[in-house]
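*Asks:* Next comes coords31.txt, compact mmCIF, C-alpha atoms:
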# COMPACT_ATOMS: atom_id res chain seq x y z
CA MET A 22 0.00 0.00 0.00
CA ALA A 23 2.63 2.48 -1.06
CA MET A 24 0.28 5.14 -2.26
CA ASN A 25 -1.73 7.77 -0.58
CA ARG A 26 -0.73 7.91 3.07
CA GLY A 27 -2.75 10.80 4.41
CA GLY A 28 -4.85 11.11 1.24
CA SER A 29 -3.73 12.76 -2.02
CA TRP A 30 -6.64 14.46 -3.77
CA ARG A 31 -5.22 14.22 -7.29
CA TYR A 32 -7.12 11.74 -9.43
CA THR A 33 -5.50 10.20 -12.49
CA ALA A 34 -7.16 8.61 -15.52
CA VAL A 35 -6.51 5.21 -13.89
CA ASP A 36 -8.57 6.26 -10.87
CA PHE A 37 -11.40 7.49 -13.08
CA ALA A 38 -11.30 4.25 -15.10
CA LEU A 39 -11.52 2.31 -11.81
CA LEU A 40 -14.50 4.46 -10.83
CA GLY A 41 -16.03 3.48 -14.17
CA VAL A 42 -15.48 -0.20 -13.30
CA VAL A 43 -17.15 0.29 -9.92
CA ALA A 44 -20.04 2.18 -11.56
CA VAL A 45 -20.69 -0.56 -14.11
CA ILE A 46 -20.48 -3.36 -11.51
CA MET A 47 -22.85 -1.36 -9.33
CA GLY A 48 -25.15 -0.73 -12.28
CA ILE A 49 -25.45 -4.47 -12.88
CA ILE A 50 -25.74 -5.41 -9.20
CA PHE A 51 -28.26 -2.63 -8.52
CA THR A 52 -30.37 -3.74 -11.48
CA PHE A 53 -30.63 -7.30 -10.26
CA ALA A 54 -30.83 -6.28 -6.57
CA TRP A 55 -34.35 -4.96 -7.20
CA SER A 56 -35.64 -8.42 -8.15
CA VAL A 57 -33.77 -10.08 -5.27
CA TYR A 58 -35.19 -7.49 -2.87
CA GLU A 59 -38.76 -8.05 -4.08
CA ALA A 60 -38.33 -11.85 -3.93
CA VAL A 61 -36.87 -11.84 -0.39
CA LYS A 62 -39.51 -9.35 0.75
CA THR A 63 -42.29 -11.62 -0.54
CA ILE A 64 -40.84 -14.71 1.12
CA GLY A 65 -39.30 -13.33 4.31
CA GLY A 66 -40.92 -9.95 4.91
CA PRO A 67 -39.47 -6.45 5.17
CA ILE A 68 -36.87 -7.16 7.88
CA ALA A 69 -35.36 -10.13 6.04
CA ALA A 70 -35.40 -8.11 2.81
CA ARG A 71 -33.43 -5.33 4.46
CA LEU A 72 -31.01 -7.74 6.12
CA PHE A 73 -30.24 -9.82 3.04
CA THR A 74 -30.34 -7.25 0.26
CA TYR A 75 -29.92 -3.65 1.40
CA GLY A 76 -26.15 -4.06 1.71
CA LEU A 77 -25.96 -4.77 -2.02
CA TRP A 78 -26.88 -1.11 -2.63
CA PHE A 79 -24.13 0.13 -0.31
CA ILE A 80 -21.08 -1.64 -1.75
CA GLY A 81 -20.17 1.03 -4.32
CA ALA A 82 -18.50 3.13 -1.63
CA PRO A 83 -16.26 0.49 0.04
CA LEU A 84 -15.42 -1.05 -3.34
CA ALA A 85 -14.31 2.26 -4.86
CA ALA A 86 -12.49 3.42 -1.73
CA THR A 87 -10.56 0.13 -1.40
CA LEU A 88 -9.58 0.15 -5.08
CA ILE A 89 -8.69 3.85 -5.38
CA ARG A 90 -7.63 4.74 -1.81
CA LYS A 91 -8.18 8.46 -2.20
CA PRO A 92 -10.49 11.02 -0.59
CA LEU A 93 -13.99 11.15 -2.07
CA ALA A 94 -13.56 7.75 -3.76
CA ALA A 95 -16.32 6.26 -1.59
CA PHE A 96 -18.73 9.10 -2.37
CA LEU A 97 -17.97 9.02 -6.10
CA GLY A 98 -18.18 5.21 -6.28
CA GLU A 99 -21.66 5.12 -4.77
CA THR A 100 -22.94 8.22 -6.61
CA LEU A 101 -21.66 7.23 -10.06
CA GLY A 102 -23.11 3.74 -9.64
CA ALA A 103 -26.44 5.37 -8.81
CA LEU A 104 -26.17 7.73 -11.80
CA LEU A 105 -25.55 4.78 -14.08
CA GLU A 106 -28.49 2.97 -12.46
CA ALA A 107 -30.66 5.99 -13.31
CA LEU A 108 -29.43 6.00 -16.91
CA LEU A 109 -29.92 2.25 -17.48
CA PRO A 110 -32.67 2.58 -15.93
CA THR A 111 -33.95 0.57 -12.95
CA PRO A 112 -37.27 0.87 -11.06
CA GLY A 113 -35.73 3.40 -8.66
CA ALA A 114 -35.30 5.83 -11.59
CA PHE A 115 -33.94 9.26 -10.62
CA THR A 116 -34.40 8.63 -6.89
CA ASN A 117 -31.30 6.45 -7.14
CA LEU A 118 -29.24 9.60 -7.53
CA ILE A 119 -30.52 10.99 -4.25
CA TYR A 120 -29.99 7.65 -2.46
CA GLY A 121 -26.52 7.27 -4.02
CA ALA A 122 -25.35 10.73 -2.98
CA VAL A 123 -26.63 10.35 0.61
CA GLN A 124 -25.31 6.79 1.08
CA GLY A 125 -21.99 7.73 -0.54
CA ALA A 126 -21.57 10.76 1.74
CA LEU A 127 -22.32 8.67 4.84
CA SER A 128 -19.89 5.93 3.79
CA GLU A 129 -17.23 8.53 3.03
CA LEU A 130 -17.34 9.48 6.73
CA ALA A 131 -15.77 6.13 7.67
CA TYR A 132 -12.66 6.88 5.59
CA LEU A 133 -12.60 10.54 6.60
CA LEU A 134 -12.51 9.53 10.27
CA THR A 135 -9.37 7.46 9.64
CA GLY A 136 -7.75 10.43 7.84
CA TYR A 137 -7.82 8.33 4.65
CA ARG A 138 -5.10 6.09 6.08
CA ARG A 139 -7.04 2.83 6.37
CA PHE A 140 -8.85 1.06 3.54
CA ASP A 141 -9.08 -2.45 5.01
CA PRO A 142 -12.21 -4.64 5.07
CA LEU A 143 -13.03 -3.57 8.64
CA ILE A 144 -13.35 0.07 7.55
CA GLY A 145 -15.23 -1.22 4.49
CA ALA A 146 -17.71 -2.81 6.89
CA VAL A 147 -18.06 0.47 8.81
CA ALA A 148 -18.56 2.37 5.52
CA GLY A 149 -21.28 -0.07 4.46
CA ALA A 150 -22.91 0.08 7.89
CA LEU A 151 -23.02 3.90 7.92
CA ALA A 152 -25.02 3.93 4.69
CA GLY A 153 -27.79 1.81 6.26
CA PRO A 154 -29.50 4.45 8.44
CA GLY A 155 -29.42 6.92 5.53
CA ALA A 156 -31.31 4.48 3.31
CA ILE A 157 -33.95 3.87 5.99
CA VAL A 158 -34.46 7.62 6.50
CA LEU A 159 -34.84 8.15 2.73
CA ASP A 160 -37.27 5.20 2.58
CA ALA A 161 -39.35 6.94 5.24
CA ILE A 162 -39.40 10.17 3.21
CA LEU A 163 -39.98 8.63 -0.22
CA PHE A 164 -42.01 5.46 0.36
CA GLU A 165 -43.38 6.58 3.72
CA SER A 166 -42.02 3.32 5.14
CA ILE A 167 -42.76 4.27 8.71
CA ALA A 168 -43.72 1.73 11.32
CA THR A 169 -43.79 1.43 15.11
CA PRO A 170 -40.56 2.47 16.89
CA GLU A 171 -39.76 -1.22 17.58
CA VAL A 172 -40.11 -2.21 13.93
CA MET A 173 -38.22 0.89 12.76
CA THR A 174 -35.38 -0.03 15.13
CA LEU A 175 -35.28 -3.52 13.63
CA TRP A 176 -35.19 -2.03 10.12
CA PHE A 177 -32.28 0.23 11.13
CA ILE A 178 -30.39 -2.69 12.64
CA ALA A 179 -31.07 -4.94 9.62
CA ALA A 180 -29.94 -2.29 7.10
CA THR A 181 -26.84 -1.44 9.13
CA LEU A 182 -25.89 -5.11 9.57
CA SER A 183 -26.48 -5.80 5.91
CA GLY A 184 -24.32 -2.82 4.96
CA ALA A 185 -21.56 -4.02 7.28
CA ILE A 186 -21.62 -7.57 5.84
CA TYR A 187 -21.62 -6.54 2.18
CA GLY A 188 -19.20 -3.67 2.84
CA PHE A 189 -16.77 -6.12 4.43
CA LEU A 190 -17.14 -8.58 1.53
CA ALA A 191 -16.76 -5.92 -1.17
CA SER A 192 -13.75 -4.41 0.53
CA SER A 193 -12.07 -7.79 1.02
CA ALA A 194 -12.72 -8.71 -2.64
CA ALA A 195 -11.13 -5.42 -3.73
CA SER A 196 -8.25 -5.46 -1.25
CA ILE A 197 -6.50 -8.27 -3.14
CA PHE A 198 -5.72 -5.71 -5.86
CA LYS A 199 -2.80 -3.92 -4.22
CA ARG A 200 -1.75 -0.72 -5.97
CA MET B 9 -38.27 22.50 -34.51
CA HIS B 10 -35.28 22.44 -32.18
CA ARG B 11 -35.23 19.76 -29.52
CA PRO B 12 -34.41 20.64 -25.93
CA ARG B 13 -30.83 19.95 -24.88
CA PRO B 14 -30.26 16.69 -22.93
CA SER B 15 -29.03 18.74 -19.94
CA THR B 16 -32.37 20.62 -19.93
CA LEU B 17 -34.28 17.33 -19.88
CA PHE B 18 -31.97 16.10 -17.12
CA ILE B 19 -32.74 19.22 -15.04
CA TYR B 20 -36.45 18.71 -15.79
CA ALA B 21 -36.46 15.05 -14.67
CA LEU B 22 -34.39 15.84 -11.58
CA GLY B 23 -36.66 18.81 -10.77
CA ILE B 24 -39.80 16.65 -10.95
CA THR B 25 -38.09 13.98 -8.81
CA LEU B 26 -37.14 16.53 -6.15
CA ALA B 27 -40.63 18.08 -6.22
CA ALA B 28 -42.16 14.61 -5.80
CA PHE B 29 -39.83 14.04 -2.85
CA ILE B 30 -40.89 17.29 -1.18
CA LEU B 31 -44.67 17.18 -1.80
CA ARG B 32 -46.63 15.03 0.65
CA ASP B 33 -50.31 15.32 -0.28
CA PRO B 34 -52.20 13.25 -2.88
CA VAL B 35 -53.70 16.07 -4.97
CA PRO B 36 -50.47 17.99 -5.75
CA LEU B 37 -48.70 14.67 -6.33
CA ALA B 38 -51.47 13.51 -8.68
CA PHE B 39 -51.10 16.77 -10.61
CA LEU B 40 -47.42 15.91 -11.21
CA ALA B 41 -47.85 12.15 -11.58
CA ILE B 42 -50.68 11.64 -14.04
CA PRO B 43 -49.39 13.70 -17.02
CA HIS B 44 -45.78 12.58 -16.56
CA PHE B 45 -46.63 8.91 -16.21
CA ILE B 46 -48.95 8.92 -19.23
CA LEU B 47 -46.40 10.78 -21.37
CA GLY B 48 -43.61 8.50 -20.10
CA LEU B 49 -45.69 5.43 -21.00
CA LEU B 50 -46.48 6.78 -24.47
CA LEU B 51 -42.84 7.58 -25.19
CA GLY B 52 -41.19 4.60 -23.54
CA TYR B 53 -43.59 1.64 -23.37
CA ARG B 54 -41.61 -0.31 -26.01
CA ARG B 55 -38.20 0.31 -24.52
CA PHE B 56 -39.11 0.02 -20.86
CA LYS B 57 -41.58 -2.91 -20.86
CA ILE B 58 -39.72 -4.73 -18.06
CA LEU B 59 -39.38 -1.56 -16.01
CA ILE B 60 -43.11 -0.89 -16.31
CA LEU B 61 -43.90 -4.49 -15.35
CA ILE B 62 -41.66 -4.28 -12.25
CA PHE B 63 -43.24 -0.93 -11.43
CA LEU B 64 -46.75 -2.41 -11.55
CA LEU B 65 -45.69 -5.42 -9.44
CA GLY B 66 -44.09 -3.00 -6.98
CA MET B 67 -47.38 -1.10 -6.78
CA THR B 68 -49.20 -4.28 -5.75
CA GLY B 69 -46.61 -4.90 -3.01
CA LEU B 70 -46.86 -1.27 -1.96
CA TYR B 71 -50.65 -1.50 -1.59
CA LEU B 72 -50.38 -4.59 0.61
CA ASN B 73 -47.67 -2.85 2.62
CA VAL B 74 -49.89 0.20 3.23
CA VAL B 75 -52.74 -2.11 4.32
CA ALA B 76 -50.39 -3.93 6.71
CA VAL B 77 -49.12 -0.63 8.20
CA HIS B 78 -52.71 0.54 8.80
CA SER B 79 -54.11 -2.74 10.11
CA GLY B 80 -51.26 -4.09 12.24
CA PRO B 81 -50.49 -7.80 12.55
CA SER B 82 -54.11 -9.05 12.82
CA LEU B 83 -55.38 -10.84 9.69
CA GLU B 84 -58.98 -9.95 10.50
CA ARG B 85 -58.15 -6.24 10.66
CA PHE B 86 -55.98 -6.61 7.54
CA LEU B 87 -58.97 -7.91 5.53
CA ALA B 88 -61.30 -5.32 7.05
CA SER B 89 -59.06 -2.39 6.14
CA LEU B 90 -58.26 -3.67 2.64
CA PHE B 91 -60.33 -0.95 0.94
CA SER B 92 -60.63 1.60 3.73
CA PRO B 93 -60.37 5.30 2.69
CA GLU B 94 -57.23 5.81 4.84
CA VAL B 95 -55.49 2.93 3.10
CA ILE B 96 -56.49 4.17 -0.35
CA ILE B 97 -55.37 7.76 0.35
CA GLY B 98 -52.13 6.50 1.95
CA PHE B 99 -51.45 4.28 -1.07
CA LEU B 100 -52.31 6.99 -3.61
CA SER B 101 -49.94 9.57 -2.17
CA ILE B 102 -47.00 7.14 -2.42
CA ALA B 103 -48.13 5.71 -5.77
CA PHE B 104 -48.48 9.21 -7.29
CA ARG B 105 -45.02 10.13 -6.05
CA LEU B 106 -43.49 7.05 -7.66
CA MET B 107 -45.51 7.59 -10.85
CA ALA B 108 -44.20 11.17 -11.13
CA ILE B 109 -40.60 10.04 -10.66
CA THR B 110 -40.84 7.03 -12.99
CA GLY B 111 -42.74 9.08 -15.60
CA ALA B 112 -40.15 11.89 -15.58
CA THR B 113 -37.33 9.35 -15.87
CA MET B 114 -39.04 7.54 -18.78
CA ILE B 115 -39.55 10.87 -20.58
CA PHE B 116 -35.88 11.75 -20.12
CA LEU B 117 -34.55 8.35 -21.18
CA SER B 118 -36.93 8.06 -24.15
CA LEU B 119 -35.75 11.38 -25.58
CA VAL B 120 -32.04 11.14 -24.72
CA GLU B 121 -29.40 8.44 -25.22
CA PRO B 122 -26.87 7.98 -22.39
CA TYR B 123 -23.76 9.15 -24.34
CA PRO B 124 -25.22 12.48 -25.52
CA ALA B 125 -26.66 12.94 -22.02
CA VAL B 126 -23.22 12.70 -20.40
CA LYS B 127 -21.66 14.89 -23.15
CA SER B 128 -24.30 17.53 -22.60
CA LEU B 129 -23.85 17.42 -18.82
CA GLU B 130 -20.10 17.92 -19.32
CA GLU B 131 -20.47 20.77 -21.82
CA ASP B 132 -23.42 22.60 -20.30
CA LEU B 133 -23.44 21.85 -16.60
CA TYR B 134 -19.68 21.55 -16.03
CA LEU B 135 -19.70 17.89 -15.01
CA PRO B 136 -15.99 17.28 -14.20
CA LYS B 137 -14.13 15.68 -17.10
CA GLY B 138 -12.94 12.79 -14.91
CA VAL B 139 -16.49 11.95 -13.85
CA ALA B 140 -17.64 12.13 -17.48
CA PHE B 141 -14.72 9.84 -18.42
CA SER B 142 -15.80 7.34 -15.71
CA ILE B 143 -19.39 7.25 -16.99
CA TYR B 144 -18.32 6.91 -20.63
CA TYR B 145 -16.02 4.09 -19.62
CA ALA B 146 -18.77 2.43 -17.57
CA LEU B 147 -21.20 2.64 -20.51
CA ARG B 148 -18.58 1.12 -22.82
CA LEU B 149 -17.98 -1.71 -20.34
CA LEU B 150 -21.67 -2.50 -20.00
CA PRO B 151 -21.96 -5.05 -22.87
CA LEU B 152 -18.66 -6.65 -21.77
CA ILE B 153 -19.73 -7.02 -18.16
CA GLN B 154 -23.06 -8.54 -19.20
CA ARG B 155 -21.15 -11.15 -21.23
CA LEU B 156 -18.70 -11.73 -18.37
CA ALA B 157 -21.53 -12.14 -15.88
CA ARG B 158 -23.14 -14.76 -18.17
CA ASP B 159 -19.79 -16.59 -18.52
CA ILE B 160 -19.20 -16.59 -14.76
CA SER B 161 -22.74 -17.84 -14.27
CA ASN B 162 -22.17 -20.69 -16.76
CA VAL B 163 -18.85 -21.68 -15.18
CA ARG B 164 -20.44 -21.69 -11.74
CA ARG B 165 -23.27 -23.88 -13.03
CA MET B 166 -20.75 -26.34 -14.52
CA ARG B 167 -18.93 -26.47 -11.18
CA GLY B 168 -22.17 -27.22 -9.36
CA ALA B 169 -22.40 -23.80 -7.73
CA ARG B 170 -25.46 -21.55 -7.83
CA PRO B 171 -25.52 -19.61 -11.13
CA TYR B 172 -27.20 -16.61 -9.49
CA ILE B 173 -26.51 -14.54 -6.39
CA ALA B 174 -28.51 -15.71 -3.38
CA THR B 175 -26.00 -15.57 -0.53
CA PRO B 176 -23.03 -13.37 0.40
CA GLY B 177 -20.77 -16.28 -0.70
CA ASP B 178 -22.29 -16.21 -4.20
CA PHE B 179 -21.77 -12.46 -4.23
CA ILE B 180 -18.04 -12.86 -3.61
CA GLY B 181 -17.95 -15.71 -6.16
CA PHE B 182 -19.24 -13.30 -8.82
CA LEU B 183 -17.38 -10.20 -7.71
CA ARG B 184 -13.82 -11.56 -7.56
CA PRO B 185 -13.53 -12.79 -11.19
CA LEU B 186 -15.33 -9.69 -12.46
CA LEU B 187 -12.93 -7.43 -10.59
CA SER B 188 -9.83 -9.36 -11.62
CA ILE B 189 -10.65 -8.84 -15.31
CA LEU B 190 -12.04 -5.31 -15.13
CA VAL B 191 -9.41 -3.82 -12.79
CA GLU B 192 -6.59 -5.00 -15.07
CA ARG B 193 -8.39 -3.55 -18.05
CA ALA B 194 -9.08 -0.24 -16.27
CA LEU B 195 -5.43 0.06 -15.30
CA TRP B 196 -4.27 -0.12 -18.92
CA THR B 197 -7.12 2.06 -20.17
CA GLY B 198 -6.16 4.69 -17.60
CA ILE B 199 -2.46 4.50 -18.51
CA ALA B 200 -3.34 4.81 -22.21
CA ALA B 201 -5.54 7.84 -21.47
CA GLU B 202 -2.79 9.49 -19.45
CA LEU B 203 -0.27 8.87 -22.25
CA ARG B 204 -2.69 10.56 -24.66
CA GLY B 205 -2.69 13.65 -22.42
CA PHE B 206 -5.79 13.12 -20.26
CA ALA B 207 -4.45 15.37 -17.48
CA ARG B 208 -3.96 18.29 -19.87
CA ARG B 209 -7.15 17.84 -21.87
CA ARG B 210 -9.45 20.82 -21.52
CA PRO B 211 -13.05 19.72 -21.99
CA ARG B 212 -15.18 21.78 -24.36
CA ARG B 213 -17.40 23.93 -22.16
CA ARG B 214 -20.07 25.95 -23.82
CA GLY B 215 -21.86 26.89 -20.60
CA TYR B 216 -25.58 26.49 -20.25
CA ARG B 217 -27.09 28.56 -23.07
CA PRO B 218 -30.75 27.59 -23.31
CA GLY B 219 -32.56 27.80 -26.63
CA PRO B 220 -36.30 28.53 -27.02
CA MET B 221 -37.28 24.89 -26.39
CA ASP B 222 -35.05 24.71 -23.30
CA ILE B 223 -36.65 27.87 -21.91
CA LEU B 224 -40.07 26.36 -22.63
CA VAL B 225 -39.21 23.11 -20.80
CA LEU B 226 -37.74 24.94 -17.79
CA THR B 227 -40.71 27.31 -17.65
CA LEU B 228 -43.01 24.29 -17.73
CA LEU B 229 -41.11 22.77 -14.81
CA VAL B 230 -41.36 25.96 -12.74
CA VAL B 231 -45.06 26.43 -13.55
CA GLU B 232 -45.88 22.79 -12.74
CA VAL B 233 -44.07 22.94 -9.40
CA LEU B 234 -45.66 26.29 -8.49
CA ILE B 235 -49.16 25.02 -9.32
CA ALA B 236 -48.53 21.80 -7.39
CA LEU B 237 -47.47 23.84 -4.36
CA GLN B 238 -50.66 25.93 -4.55
CA LEU B 239 -53.07 22.99 -4.86
CA PRO B 240 -55.09 21.93 -1.81
CA PRO B 241 -53.78 18.80 -0.09
CA ASP B 242 -57.09 16.96 -0.31
CA LEU B 243 -60.08 17.46 -2.61
CA THR B 244 -62.52 16.85 0.24
CA LEU B 245 -61.26 20.02 1.92
CA GLN B 246 -62.42 22.15 -1.00
CA PRO B 247 -65.29 24.52 -0.08
CA LEU B 248 -68.47 23.79 -1.99
Using the file provided, produce a representation of the structure as structure tokens.
*Replies:*
Amino acid sequence: MAMNRGGSWRYTAVDFALLGVVAVIMGIIFTFAWSVYEAVKTIGGPIAARLFTYGLWFIGAPLAATLIRKPLAAFLGETLGALLEALLPTPGAFTNLIYGAVQGALSELAYLLTGYRRFDPLIGAVAGALAGPGAIVLDAILFESIATPEVMTLWFIAATLSGAIYGFLASSAASIFKR
Amino acid sequence: MHRPRPSTLFIYALGITLAAFILRDPVPLAFLAIPHFILGLLLGYRRFKILILIFLLGMTGLYLNVVAVHSGPSLERFLASLFSPEVIIGFLSIAFRLMAITGATMIFLSLVEPYPAVKSLEEDLYLPKGVAFSIYYALRLLPLIQRLARDISNVRRMRGARPYIATPGDFIGFLRPLLSILVERALWTGIAAELRGFARRRPRRRGYRPGPMDILVLTLLVVEVLIALQLPPDLTLQPL
């Protein structure tokens, strides 16, 4: 991990190409995540759907940050994936952009708090987990997914856990590509 | 007749999405939703058949969800409140919001292809050149990644593994080979772009100079949002 101790802001064409890779992987995963989400929701209900699938929407940030290891990589990875999802398009349409920007900004916090010095799977898990509450809040605004405080707490926990699991997996898959 | 610029249509679709996010009552949302959804269907029903199908299925799920939220866990109360006015109004306000957003997106995507959209965002709205490069690259990779995903799926099937993603283990099984091919490719694409002077390239910026059609579209957006904000929240509250 020779590069970027302390976080250089200068992006090269290689970094932007890697962001493109993350965006296209996200575009594909996001597209199919909708069907998986609906299927799991039908079989297991809303809590299982959040636990097993929400994290899939949060992996753009840890994946991009682990591959690029620069400030704002997490935010750009999640937002560009969402922009591509809007252009493809998927059922979320333009709302994806709003979700992507909010989730990306929340995940970016995990790397910011380490001073952009750590990009390991553990921080990937934290980045994924931080996106969870943001998604639940946006769900409440957009879909009016509001339930009793107990159920809402379970939704928050499920989304956060899901984000942590998929964030960890995405980051560990990307961390084998040392730059 | 001149067509509106893709960036204008992008602003329009994003504006309708944000307005649908902000508005909470069924009548203003219906005012935004019905024309946009109908126009979106007319323009995009051939191209977005699957999207429309998923949207309609989602609406069914949404209705049941609203009933469940209103009735609680009891099946008896669930059946009793299936067609109650509260449930119908609750469902309509969410359904109209989603119809407005999906309709605006279908209008945008039916009138604009992704490449010109990104080019227009870069030229008119100063989208950073690196971000535009990432999206162009992602769009170019799209057919390749679809082929790769099919190949990985076939190989997994031959090895007796699940050919689709159902568990976190499957997710890693798909992600690792995809990344190993695409990261290598991105590295060399990036190096080639740098060698061709990517860092010194100055993108062509024309600034946002709206033509008559662009002004018309933006005026329409402003008028629609202003009318929606003035409308009463509920028709039953209207004085006779």
*Asks:* Near chain A, meaning an atom within 7 Å, which residues of chain B appear when counting all atoms listed in the file? Write them as a ChimeraX atom specification.
*Replies:* /B:22,25,29,59,62-63,77,102,109-110,113,122,138-139,141-143,145-146,149-150,180,184,190-191,194-195,197-199,201-202,206
*Asks:* Rounded to one decimal in Å, what is the spacing between CA of Ile96 in chain B and CA of Asn73 in chain B?
*Replies:*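 Calculated distance between CA of Ile96 in chain B and CA of Asn73 in chain B is 11.7 Å.
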*Asks:* Could you give me, as a PDB file with C-alpha atoms, in the coordinates of the input, the residues within 12 Å of Glu171 in chain A, counting all atoms listed in the file and dropping anything in the same chain fewer than 6 positions from it?
*Replies:*
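Result went into around_15.pdb, see below:
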ATOM      1  CA  ILE A  68     -36.870  -7.160   7.880  1.00  0.00           C
ATOM      2  CA  PHE A 177     -32.280   0.230  11.130  1.00  0.00           C
ATOM      3  CA  ILE A 178     -30.390  -2.690  12.640  1.00  0.00           C
TER       4      ILE A 178
END
*Asks:* May I ask for the distance between CA of Phe104 in chain B and CA of Leu239 in chain B, given in Å to one decimal place?
*Replies:*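 Atom-to-atom, CA of Phe104 in chain B to CA of Leu239 in chain B, that is 14.7 Å.
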*Asks:* Just the number, please: distance in Å from CA of Leu182 in chain A to CA of Ala150 in chain A, one decimal.
*Replies:* 6.2 Å
*Asks:* Given the choices A:Gly155, A:Gly121, A:Gly66, A:Pro142, which gets closest to Ala76 in chain B if the distance is worked out from all atoms listed in the file?
*Replies:* A:Gly66
*Asks:* I'd like to know which of A:Met173, A:Ala179, A:Leu130, A:Ala70 is closest to Ala161 in chain A, using all atoms listed in the file.
*Replies:* A:Met173
*Asks:* Calculated over only C-alpha atoms, which of the candidates A:Tyr58, A:Tyr137, A:Trp176, A:Phe189 has the smallest distance to Gly81 in chain A?
*Replies:*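 Distance minimum relative to Gly81 in chain A lands on A:Phe189.
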*Asks:* Could you give me, as JSON, numbers by chain, the residues within 12 Å of Leu64 in chain B, counting all atoms listed in the file and dropping anything in the same chain fewer than 4 positions from it?
*Replies:* {"A": [112], "B": [57, 58, 59, 60, 68, 69, 70, 71, 103, 106, 107, 110]}
*Asks:* Export, as a compact mmCIF listing (two decimals), in the coordinates of the input, the selected residues with C-alpha atoms.
*Replies:*
# COMPACT_ATOMS: atom_id res chain seq x y z
CA PRO A 112 -37.27 0.87 -11.06
CA LYS B 57 -41.58 -2.91 -20.86
CA ILE B 58 -39.72 -4.73 -18.06
CA LEU B 59 -39.38 -1.56 -16.01
CA ILE B 60 -43.11 -0.89 -16.31
CA THR B 68 -49.20 -4.28 -5.75
CA GLY B 69 -46.61 -4.90 -3.01
CA LEU B 70 -46.86 -1.27 -1.96
CA TYR B 71 -50.65 -1.50 -1.59
CA ALA B 103 -48.13 5.71 -5.77
CA LEU B 106 -43.49 7.05 -7.66
CA MET B 107 -45.51 7.59 -10.85
CA THR B 110 -40.84 7.03 -12.99
*Asks:* Counting all atoms listed in the file, which residues come within 9 Å of (-25.3, 27.6, -20.4), with the point read in the file's coordinates, and could you list them as a list in words?
*Replies:* Glu131, Asp132, Leu133, Arg213, Arg214, Gly215, Tyr216, Arg217 and Pro218 of chain B
*Asks:* Missing atoms in range 16-28 of chain B need filling: write out N, CA and C atoms for it as a compact mmCIF listing (two decimals), in the frame of the given file.
*Replies:*
# COMPACT_ATOMS: atom_id res chain seq x y z
N THR B 16 -31.09 20.01 -20.34
CA THR B 16 -32.37 20.62 -19.93
C THR B 16 -33.33 19.53 -19.47
N LEU B 17 -33.38 18.44 -20.25
CA LEU B 17 -34.28 17.33 -19.88
C LEU B 17 -33.83 16.68 -18.57
N PHE B 18 -32.50 16.65 -18.37
CA PHE B 18 -31.97 16.10 -17.12
C PHE B 18 -32.43 16.97 -15.94
N ILE B 19 -32.31 18.29 -16.11
CA ILE B 19 -32.74 19.22 -15.04
C ILE B 19 -34.25 19.04 -14.80
N TYR B 20 -34.99 18.87 -15.90
CA TYR B 20 -36.45 18.71 -15.79
C TYR B 20 -36.79 17.45 -14.97
N ALA B 21 -36.16 16.32 -15.36
CA ALA B 21 -36.46 15.05 -14.67
C ALA B 21 -36.04 15.12 -13.21
N LEU B 22 -34.87 15.72 -12.96
CA LEU B 22 -34.39 15.84 -11.58
C LEU B 22 -35.30 16.78 -10.78
N GLY B 23 -35.76 17.85 -11.43
CA GLY B 23 -36.66 18.81 -10.77
C GLY B 23 -37.97 18.15 -10.36
N ILE B 24 -38.53 17.35 -11.27
CA ILE B 24 -39.80 16.65 -10.95
C ILE B 24 -39.56 15.65 -9.82
N THR B 25 -38.40 14.95 -9.87
CA THR B 25 -38.09 13.98 -8.81
C THR B 25 -38.00 14.67 -7.45
N LEU B 26 -37.28 15.81 -7.42
CA LEU B 26 -37.14 16.53 -6.15
C LEU B 26 -38.49 17.06 -5.66
N ALA B 27 -39.30 17.57 -6.60
CA ALA B 27 -40.63 18.08 -6.22
C ALA B 27 -41.48 16.94 -5.65
N ALA B 28 -41.40 15.76 -6.29
CA ALA B 28 -42.16 14.61 -5.80
C ALA B 28 -41.68 14.17 -4.42
